[in-house]
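Enquirer: Contents of protein-v5.csv (CSV, C-alpha atoms):
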chain,number,residue,atom,x,y,z
A,1,MET,CA,-6.8,-17.0,-18.3
A,2,ALA,CA,-4.6,-18.8,-20.8
A,3,ARG,CA,-6.1,-19.6,-24.2
A,4,ARG,CA,-5.4,-22.6,-26.4
A,5,GLN,CA,-3.0,-22.0,-29.3
A,6,PRO,CA,-5.3,-21.5,-32.3
A,7,ASP,CA,-3.2,-23.3,-34.9
A,8,GLU,CA,-6.3,-23.8,-37.1
A,9,ILE,CA,-6.4,-20.1,-37.8
A,10,LEU,CA,-2.9,-20.2,-39.3
A,11,ALA,CA,-3.8,-23.4,-41.1
A,12,ALA,CA,-6.9,-21.9,-42.7
A,13,LEU,CA,-5.0,-18.8,-43.8
A,14,GLU,CA,-2.3,-20.9,-45.3
A,15,SER,CA,-4.8,-23.2,-47.1
A,16,ALA,CA,-6.4,-20.1,-48.6
A,17,GLY,CA,-3.0,-19.1,-50.1
A,18,PHE,CA,-2.0,-16.5,-47.5
A,19,ALA,CA,1.2,-16.2,-45.3
A,20,ALA,CA,0.4,-16.4,-41.6
A,21,TYR,CA,2.5,-16.3,-38.5
A,22,TYR,CA,2.2,-16.0,-34.7
A,23,VAL,CA,3.8,-12.7,-33.7
A,24,GLY,CA,4.7,-10.5,-30.8
A,25,GLY,CA,4.1,-11.4,-27.2
A,26,CYS,CA,2.9,-14.9,-27.8
A,27,VAL,CA,6.1,-15.8,-29.5
A,28,ARG,CA,8.2,-14.0,-26.8
A,29,ASP,CA,6.4,-15.9,-24.0
A,30,ALA,CA,6.7,-19.2,-25.8
A,31,LEU,CA,10.5,-18.7,-26.0
A,32,LEU,CA,10.6,-17.8,-22.4
A,33,GLY,CA,8.4,-20.7,-21.3
A,34,ARG,CA,5.7,-18.4,-20.0
A,35,GLU,CA,2.0,-19.0,-20.2
A,36,THR,CA,0.3,-17.3,-23.1
A,37,HIS,CA,-2.9,-15.4,-22.5
A,38,ASP,CA,-3.4,-13.7,-25.9
A,39,TRP,CA,-2.6,-14.8,-29.4
A,40,ASP,CA,-1.7,-12.4,-32.2
A,41,VAL,CA,-1.4,-13.5,-35.8
A,42,THR,CA,0.1,-11.5,-38.7
A,43,THR,CA,-0.8,-12.3,-42.2
A,44,SER,CA,-0.7,-11.2,-45.8
A,45,ALA,CA,-4.5,-11.5,-46.0
A,46,ARG,CA,-6.4,-8.3,-46.1
A,47,PRO,CA,-9.0,-7.7,-43.4
A,48,GLU,CA,-11.9,-8.3,-45.8
A,49,GLN,CA,-10.3,-11.6,-46.8
A,50,VAL,CA,-10.0,-12.6,-43.1
A,51,LEU,CA,-13.6,-11.7,-42.5
A,52,ALA,CA,-14.7,-13.8,-45.4
A,53,LEU,CA,-12.6,-16.8,-44.4
A,54,PHE,CA,-13.8,-17.3,-40.8
A,55,GLU,CA,-17.4,-17.8,-39.6
A,56,ARG,CA,-17.1,-15.8,-36.3
A,57,CYS,CA,-15.2,-12.5,-36.4
A,58,VAL,CA,-15.2,-9.1,-34.8
A,59,PRO,CA,-13.9,-6.2,-36.9
A,60,THR,CA,-11.8,-5.0,-34.0
A,61,GLY,CA,-9.8,-2.4,-36.0
A,62,VAL,CA,-10.3,-3.0,-39.7
A,63,GLN,CA,-8.9,0.4,-40.6
A,64,HIS,CA,-5.6,-0.7,-39.0
A,65,GLY,CA,-5.9,-4.2,-40.5
A,66,THR,CA,-7.1,-6.1,-37.3
A,67,VAL,CA,-9.8,-8.7,-37.1
A,68,THR,CA,-10.5,-10.8,-34.0
A,69,VAL,CA,-11.2,-14.4,-35.1
A,70,LEU,CA,-13.3,-16.3,-32.5
A,71,LEU,CA,-13.2,-20.1,-32.1
A,72,PRO,CA,-15.3,-22.1,-29.6
A,73,ASP,CA,-12.5,-22.2,-26.9
A,74,THR,CA,-9.9,-19.6,-28.1
A,75,GLN,CA,-9.4,-16.6,-30.2
A,76,ALA,CA,-6.7,-14.5,-31.9
A,77,GLU,CA,-6.2,-11.0,-33.2
A,78,VAL,CA,-5.3,-11.3,-36.9
A,79,THR,CA,-3.6,-8.3,-38.4
A,80,THR,CA,-2.5,-7.7,-42.0
A,81,PHE,CA,1.2,-7.0,-42.6
A,82,ARG,CA,1.4,-3.3,-42.5
A,83,ARG,CA,3.6,-0.2,-42.5
A,84,ASP,CA,2.6,2.7,-40.3
A,85,GLY,CA,2.2,6.2,-41.6
A,86,ALA,CA,3.0,9.4,-39.6
A,87,TYR,CA,2.1,9.6,-36.0
A,88,LEU,CA,0.4,12.9,-35.1
A,89,ASP,CA,-0.8,12.4,-31.6
A,90,SER,CA,2.0,10.4,-29.9
A,91,ARG,CA,-0.2,7.4,-30.0
A,92,HIS,CA,-1.8,6.4,-33.3
A,93,PRO,CA,-0.6,6.4,-36.9
A,94,GLN,CA,-2.6,8.8,-39.1
A,95,GLU,CA,-2.8,6.0,-41.7
A,96,VAL,CA,-1.5,2.5,-42.3
A,97,CYS,CA,-0.3,0.9,-45.5
A,98,PHE,CA,-0.9,-2.8,-46.0
A,99,VAL,CA,2.2,-4.6,-47.3
A,100,ASP,CA,3.2,-8.1,-48.4
A,101,ASP,CA,6.5,-8.3,-46.6
A,102,LEU,CA,6.7,-9.9,-43.1
A,103,ARG,CA,10.1,-8.2,-42.5
A,104,GLU,CA,8.6,-4.8,-43.0
A,105,ASP,CA,5.8,-5.6,-40.6
A,106,LEU,CA,8.2,-6.7,-37.9
A,107,LEU,CA,10.4,-3.6,-38.3
A,108,ARG,CA,7.5,-1.3,-37.3
A,109,ARG,CA,7.2,-2.9,-33.9
A,110,ASP,CA,8.2,-1.5,-30.5
A,111,PHE,CA,10.9,-3.8,-28.9
A,112,THR,CA,13.1,-6.5,-30.4
A,113,ILE,CA,11.7,-9.1,-28.0
A,114,ASN,CA,8.2,-8.4,-29.4
A,115,ALA,CA,9.3,-8.3,-33.1
A,116,MET,CA,9.6,-12.0,-33.8
A,117,ALA,CA,7.3,-14.3,-35.7
A,118,ARG,CA,6.8,-18.0,-35.8
A,119,ASP,CA,5.0,-20.2,-38.4
A,120,LEU,CA,3.0,-23.4,-37.9
A,121,ARG,CA,6.2,-25.5,-38.4
A,122,GLY,CA,8.0,-23.7,-35.6
A,123,ARG,CA,10.3,-21.7,-37.8
A,124,LEU,CA,11.3,-18.4,-36.1
A,125,PHE,CA,11.7,-15.1,-38.0
A,126,ASP,CA,13.8,-12.6,-36.1
A,127,VAL,CA,15.0,-9.5,-38.0
A,128,SER,CA,16.1,-7.3,-35.0
A,129,GLY,CA,18.0,-9.5,-32.6
A,130,GLY,CA,15.1,-10.4,-30.4
A,131,GLN,CA,16.4,-13.8,-29.5
A,132,GLU,CA,19.7,-12.4,-28.3
A,133,ASP,CA,18.0,-9.7,-26.3
A,134,LEU,CA,15.8,-12.4,-24.7
A,135,LYS,CA,18.9,-14.4,-23.8
A,136,ASN,CA,20.6,-11.4,-22.3
A,137,GLY,CA,17.4,-10.1,-20.5
A,138,VAL,CA,17.4,-6.7,-22.4
A,139,ILE,CA,14.5,-4.4,-23.4
A,140,ARG,CA,15.6,-2.7,-26.6
A,141,CYS,CA,13.7,-0.7,-29.2
A,142,VAL,CA,13.5,-1.8,-32.8
A,143,GLY,CA,15.5,0.8,-34.8
A,144,ASP,CA,15.8,4.3,-33.4
A,145,PRO,CA,14.4,4.5,-29.9
A,146,ALA,CA,13.7,8.3,-30.1
A,147,ARG,CA,11.6,7.7,-33.2
A,148,ARG,CA,9.8,4.7,-31.7
A,149,PHE,CA,8.8,6.7,-28.6
A,150,SER,CA,7.8,9.8,-30.5
A,151,GLU,CA,5.5,7.6,-32.6
A,152,ASP,CA,3.7,6.2,-29.5
A,153,ALA,CA,4.4,7.4,-26.0
A,154,LEU,CA,2.7,4.4,-24.6
A,155,ARG,CA,5.8,2.4,-25.5
A,156,ILE,CA,7.6,4.3,-22.8
A,157,LEU,CA,5.3,2.8,-20.1
A,158,ARG,CA,5.5,-0.6,-21.8
A,159,ALA,CA,9.3,-0.6,-21.6
A,160,TRP,CA,9.1,-0.2,-17.8
A,161,ARG,CA,6.2,-2.6,-17.6
A,162,PHE,CA,8.1,-5.4,-19.5
A,163,SER,CA,11.1,-4.7,-17.3
A,164,ALA,CA,9.0,-5.3,-14.2
A,165,GLN,CA,7.2,-8.4,-15.5
A,166,LEU,CA,10.3,-10.1,-17.0
A,167,GLY,CA,13.1,-8.8,-14.8
A,168,PHE,CA,14.9,-7.4,-17.8
A,169,ARG,CA,17.0,-4.3,-17.9
A,170,ILE,CA,16.3,-1.5,-20.3
A,171,GLU,CA,19.1,-0.9,-22.7
A,172,ASP,CA,20.9,2.4,-22.2
A,173,THR,CA,20.0,4.1,-25.4
A,174,THR,CA,16.4,3.0,-25.1
A,175,ARG,CA,16.3,4.2,-21.5
A,176,GLN,CA,17.7,7.6,-22.3
A,177,ALA,CA,15.3,8.1,-25.2
A,178,ALA,CA,12.4,7.1,-23.0
A,179,LEU,CA,13.3,9.5,-20.2
A,180,THR,CA,13.9,12.3,-22.7
A,181,GLY,CA,10.4,11.7,-24.2
A,182,ALA,CA,8.6,11.0,-21.0
A,183,GLY,CA,6.7,14.3,-21.1
A,184,ALA,CA,4.7,13.0,-24.0
A,185,CYS,CA,3.0,10.5,-21.7
A,186,VAL,CA,0.8,13.3,-20.3
A,187,ARG,CA,-1.2,13.1,-23.6
A,188,LEU,CA,-2.0,9.4,-23.1
A,189,SER,CA,-5.5,8.4,-22.1
A,190,ARG,CA,-5.9,7.6,-18.4
A,191,GLU,CA,-7.3,4.2,-19.2
A,192,ARG,CA,-4.2,3.3,-21.2
A,193,VAL,CA,-2.0,4.5,-18.4
A,194,ARG,CA,-4.1,2.6,-15.8
A,195,ASP,CA,-3.6,-0.7,-17.7
A,196,GLU,CA,0.1,-0.3,-17.8
A,197,VAL,CA,0.3,0.7,-14.2
A,198,GLU,CA,-1.8,-2.3,-13.1
A,199,LYS,CA,0.4,-4.7,-15.0
A,200,THR,CA,3.5,-3.2,-13.4
A,201,LEU,CA,2.0,-3.0,-9.9
A,202,PHE,CA,0.9,-6.7,-10.2
A,203,SER,CA,4.3,-7.8,-11.6
A,204,PRO,CA,7.1,-9.6,-9.7
A,205,ARG,CA,8.8,-6.1,-9.4
A,206,PRO,CA,6.2,-3.6,-8.5
A,207,GLU,CA,8.9,-1.2,-7.2
A,208,VAL,CA,9.6,-0.3,-10.8
A,209,LEU,CA,6.5,1.9,-10.6
A,210,GLN,CA,8.4,4.4,-8.4
A,211,GLU,CA,10.7,5.4,-11.3
A,212,MET,CA,7.8,5.6,-13.6
A,213,ILE,CA,6.1,8.1,-11.2
A,214,GLU,CA,9.2,10.1,-10.4
A,215,THR,CA,10.1,10.6,-14.1
A,216,GLY,CA,6.7,12.0,-15.0
A,217,MET,CA,5.4,9.0,-16.9
A,218,LEU,CA,2.2,9.0,-14.9
A,219,ALA,CA,1.4,12.7,-14.9
A,220,ALA,CA,-1.6,12.0,-17.0
A,221,CYS,CA,-3.2,10.5,-13.9
A,222,ASP,CA,-1.9,13.3,-11.6
A,223,LEU,CA,0.7,11.0,-9.9
A,224,THR,CA,4.1,12.6,-9.8
A,225,HIS,CA,5.7,11.8,-6.5
A,226,CYS,CA,6.3,8.6,-4.7
A,227,PRO,CA,8.6,7.2,-2.0
A,228,PRO,CA,10.3,3.8,-2.5
A,229,LEU,CA,7.9,1.0,-3.1
A,230,ASN,CA,10.1,-1.8,-1.7
A,231,GLY,CA,8.1,-4.6,-0.1
A,232,LEU,CA,5.1,-4.5,-2.4
A,233,ALA,CA,6.1,-7.7,-4.1
A,234,ALA,CA,5.3,-9.6,-0.8
A,235,LEU,CA,1.7,-8.6,-1.1
A,236,PRO,CA,-0.9,-10.5,-3.1
A,237,ALA,CA,-1.4,-9.1,-6.6
A,238,ASP,CA,-4.8,-7.6,-5.8
A,239,ALA,CA,-6.4,-4.6,-4.2
A,240,SER,CA,-3.9,-4.7,-1.4
A,241,ARG,CA,-1.1,-3.4,-3.7
A,242,TRP,CA,-3.3,-0.5,-4.8
A,243,ALA,CA,-4.0,0.3,-1.1
A,244,ALA,CA,-0.3,0.1,-0.4
A,245,LEU,CA,0.4,2.5,-3.2
A,246,LYS,CA,-2.2,4.9,-1.6
A,247,LEU,CA,-0.5,4.6,1.8
A,248,ARG,CA,3.0,5.3,0.3
A,249,ALA,CA,1.8,8.0,-2.0
A,250,PRO,CA,-1.3,9.8,-0.5
A,251,GLU,CA,-1.7,12.0,-3.6
A,252,PHE,CA,-2.6,8.9,-5.6
A,253,ASP,CA,-6.3,9.2,-6.6
A,254,PRO,CA,-7.7,5.9,-7.7
A,255,ALA,CA,-10.5,7.7,-9.6
A,256,ALA,CA,-8.0,9.7,-11.6
A,257,MET,CA,-6.5,6.4,-12.6
A,258,ARG,CA,-10.0,5.4,-14.0
A,259,LEU,CA,-10.2,2.4,-11.7
A,260,PRO,CA,-13.7,0.9,-11.2
A,261,ALA,CA,-15.8,2.8,-8.6
A,262,LYS,CA,-16.1,-0.2,-6.3
A,263,LEU,CA,-12.3,-0.7,-6.3
A,264,CYS,CA,-11.7,3.0,-5.7
A,265,ARG,CA,-13.9,2.8,-2.6
A,266,LEU,CA,-12.1,-0.3,-1.4
A,267,ILE,CA,-8.7,1.3,-1.8
A,268,GLU,CA,-9.7,4.6,-0.1
A,269,ARG,CA,-11.4,2.9,2.8
A,270,SER,CA,-8.7,0.3,3.3
A,271,ALA,CA,-5.9,3.0,3.4
A,272,ALA,CA,-8.0,5.0,5.9
A,273,ALA,CA,-8.7,2.0,8.1
A,274,TYR,CA,-5.2,0.4,8.0
A,275,LYS,CA,-3.3,-0.2,11.3
A,276,ALA,CA,0.3,-1.3,11.2
A,277,GLN,CA,0.0,-4.1,13.9
A,278,PRO,CA,-3.7,-4.8,14.5
A,279,ASP,CA,-4.7,-7.2,17.2
A,280,ALA,CA,-7.9,-9.2,17.0
A,281,LEU,CA,-10.1,-6.5,18.5
A,282,ALA,CA,-8.7,-3.9,16.0
A,283,LEU,CA,-9.5,-6.2,13.1
A,284,LYS,CA,-13.0,-6.9,14.5
A,285,LYS,CA,-13.6,-3.2,14.6
A,286,ILE,CA,-12.5,-2.8,11.0
A,287,ILE,CA,-14.9,-5.6,10.0
A,288,ALA,CA,-17.8,-4.0,12.0
A,289,GLN,CA,-17.2,-0.5,10.6
A,290,GLU,CA,-16.0,-1.2,7.0
A,291,GLY,CA,-16.9,-4.8,6.2
A,292,TRP,CA,-14.9,-7.9,5.4
A,293,ALA,CA,-13.4,-6.8,2.1
A,294,VAL,CA,-11.7,-3.8,3.7
A,295,ALA,CA,-10.6,-6.0,6.7
A,296,GLU,CA,-9.0,-8.5,4.3
A,297,VAL,CA,-7.0,-5.8,2.5
A,298,CYS,CA,-5.9,-4.4,5.8
A,299,ALA,CA,-4.9,-7.8,7.1
A,300,GLU,CA,-2.9,-8.4,3.9
A,301,LEU,CA,-1.1,-5.0,4.3
A,302,ALA,CA,-0.3,-5.8,7.9
A,303,GLY,CA,0.6,-9.5,7.4
A,304,THR,CA,-2.2,-10.6,9.8
A,305,GLN,CA,-4.2,-12.8,7.4
A,306,ALA,CA,-4.0,-15.7,9.9
A,307,LEU,CA,-5.5,-13.6,12.7
A,308,LEU,CA,-8.3,-12.6,10.4
A,309,GLU,CA,-9.0,-16.2,9.4
A,310,ASP,CA,-9.1,-17.1,13.2
A,311,ILE,CA,-11.8,-14.5,13.6
A,312,ARG,CA,-13.7,-15.9,10.6
A,313,VAL,CA,-13.5,-19.5,11.9
A,314,SER,CA,-14.4,-18.5,15.5
A,315,GLY,CA,-17.8,-17.3,14.4
A,316,ASP,CA,-17.5,-14.4,16.9
A,317,CYS,CA,-20.1,-11.6,16.3
A,318,VAL,CA,-18.5,-8.8,14.2
A,319,THR,CA,-21.6,-7.4,12.5
A,320,LEU,CA,-25.0,-6.1,13.6
A,321,ARG,CA,-26.6,-9.0,11.8
A,322,GLN,CA,-24.8,-11.5,14.1
A,323,LEU,CA,-26.0,-9.8,17.3
A,324,ALA,CA,-28.3,-11.9,19.5
A,325,VAL,CA,-30.8,-9.1,19.6
A,326,THR,CA,-32.5,-6.9,16.9
A,327,GLY,CA,-34.3,-3.6,16.8
A,328,ALA,CA,-37.6,-5.5,17.5
A,329,ASP,CA,-36.3,-6.1,21.0
A,330,PHE,CA,-36.5,-2.4,21.8
A,331,PRO,CA,-40.0,-1.3,20.8
A,332,GLN,CA,-40.1,1.4,23.4
A,333,LEU,CA,-37.2,3.3,21.7
A,334,PRO,CA,-37.5,5.7,18.7
A,335,GLY,CA,-35.8,4.6,15.5
A,336,ALA,CA,-32.5,6.6,15.9
A,337,ALA,CA,-32.1,5.4,19.5
A,338,VAL,CA,-32.5,1.8,18.4
A,339,GLY,CA,-29.6,2.1,16.0
A,340,ALA,CA,-27.4,3.7,18.7
A,341,VAL,CA,-28.2,1.0,21.2
A,342,LEU,CA,-27.4,-1.8,18.7
A,343,HIS,CA,-24.1,-0.2,17.7
A,344,ALA,CA,-23.2,0.2,21.3
A,345,LEU,CA,-24.0,-3.4,22.0
A,346,LEU,CA,-21.9,-4.5,19.0
A,347,GLN,CA,-18.9,-2.5,20.2
A,348,HIS,CA,-19.2,-4.3,23.6
A,349,VAL,CA,-19.5,-7.7,22.0
A,350,LEU,CA,-16.5,-7.1,19.8
A,351,ALA,CA,-14.4,-7.1,23.0
A,352,HIS,CA,-16.5,-9.6,24.9
A,353,PRO,CA,-17.8,-12.2,22.4
A,354,GLU,CA,-19.1,-14.4,25.2
A,355,ASP,CA,-21.7,-11.7,26.0
A,356,ASN,CA,-23.5,-12.2,22.7
A,357,THR,CA,-26.6,-13.8,24.1
A,358,ARG,CA,-30.1,-12.3,24.2
A,359,PRO,CA,-30.5,-12.2,28.0
A,360,ARG,CA,-27.1,-10.6,28.5
A,361,LEU,CA,-27.5,-8.0,25.7
A,362,LEU,CA,-31.0,-7.1,27.0
A,363,ALA,CA,-29.6,-6.6,30.5
A,364,LEU,CA,-26.7,-4.5,29.1
A,365,ALA,CA,-29.2,-2.4,27.1
A,366,GLU,CA,-31.4,-1.9,30.2
A,367,GLU,CA,-28.4,-0.9,32.2
A,368,LYS,CA,-27.5,1.6,29.6
A,369,PHE,CA,-31.0,3.1,29.5
A,370,ALA,CA,-31.1,3.4,33.3
A,371,LYS,CA,-27.9,5.5,33.2
A,372,THR,CA,-29.2,7.7,30.5
Hey, can you dump this file as structure tokens for me?

Expert:
Amino acid sequence: MARRQPDEILAALESAGFAAYYVGGCVRDALLGRETHDWDVTTSARPEQVLALFERCVPTGVQHGTVTVLLPDTQAEVTTFRRDGAYLDSRHPQEVCFVDDLREDLLRRDFTINAMARDLRGRLFDVSGGQEDLKNGVIRCVGDPARRFSEDALRILRAWRFSAQLGFRIEDTTRQAALTGAGACVRLSRERVRDEVEKTLFSPRPEVLQEMIETGMLAACDLTHCPPLNGLAALPADASRWAALKLRAPEFDPAAMRLPAKLCRLIERSAAAYKAQPDALALKKIIAQEGWAVAEVCAELAGTQALLEDIRVSGDCVTLRQLAVTGADFPQLPGAAVGAVLHALLQHVLAHPEDNTRPRLLALAEEKFAKT
């Protein structure tokens, strides 16, 4: 959900004598006319000064200069101008040094399109050619790409993710450095990889994920092979795309991607239940066996949402709860047999919805008992 632009944070910092600017993705998205979901502010104020200035704060990463400032209807991550020290784990700087120079802070960032700042008066500060790269639709590292990626391997995934989200091409030198360093991605946490994969998968160009997989970028999550992912963009950006990935790449393990347990079950069950061209009866059987959530994903994968909606609107019996009889109607049967009879009756009613009346189902059950 988009948050309101928190100008009062910058105003308060400036009134206290500090420099303050919007920075990074919020500036990029504003220049592209895209909706902004997260606000980042860079400032000359030290973390303790930010904490003292605002009433509601969360010390998100004080050691790296970051404080989240909370307002009633918006928030922003406020980070002190800094220079990063040596990176020893392909992810985090061993130390950071706070500085007083906006330019130095911008030059430590990943891509030129994310290395621009804007003040309250709308003045833009661009030291790496970010505006030109935005205009030309290019993802380019700030400075030496080999160094940028060796500092933080997550930037490799981010390059492809931004390409998928924005429709930009990755500049040749940046691309080559990323592919050369892709092996370092195996050391990334699965949670970080998952977040980048989801943003790519839910983007307008989810097919970009194939190259990420084939080049070893997702080895941390045990995903190394994948056929073409063409067509995924036509699916809703929800569980159906995860299920489609499972169908295309059976080795994909949602649990290895650290997805929530409920979503893992939905993906696995939907991929197992999927039929390419289900008719109404096939969809009803999926509902009866797996539930509505799985049926909805299967219908999205098959393009039969309208048929599923017809079933929903019809009110036809598709679950045991909708049967016109219950276990209480068969007191003469042991417990296990009751369940077997009810499931058999449900299977009959799925194909013959008009038979879902108590007299008819009791007659069918009696007929079945007589034969057995």

Enquirer: Under the rule that only C-alpha atoms are counted, which of A:Pro145, A:Glu211, A:Arg187, A:Val341 is the nearest residue to Glu367 (chain A)?

Expert: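 Nearest candidate to Glu367 (chain A) out of A:Pro145, A:Glu211, A:Arg187, A:Val341: A:Val341.
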
Enquirer: Looking at A:Ala115, A:Leu307, A:Ile170, A:Val186, which one is nearest to Cys221 (chain A), with distances taken over all atoms listed in the file?

Expert: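 Answer, going by the shortest atom-to-atom distance: A:Val186.
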
Enquirer: A:Glu77, A:Asp40, A:Glu196, A:Asp310: which is nearest Gly25 (chain A), counting only C-alpha atoms?

Expert: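 Of all the options, A:Asp40 lies closest to Gly25 (chain A).
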
Enquirer: Go ahead and compute the interatomic distance for CA of Glu151 (chain A) and CA of Gly183 (chain A), in Å to one decimal.

Expert: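 Here the two named atoms are 13.4 Å from each other.
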
Enquirer: To one decimal place in Å, what is the distance between CA of Arg121 (chain A) and CA of Val142 (chain A)?

Expert: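 According to the coordinates, CA of Arg121 (chain A) and CA of Val142 (chain A) are separated by 25.4 Å.
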
Enquirer: Counting all atoms listed in the file, what is within 8 Å of Arg194 (chain A), bar same-chain residues fewer than 5 positions away, as a PyMOL selection string?

Expert: chain A and resi 257-259
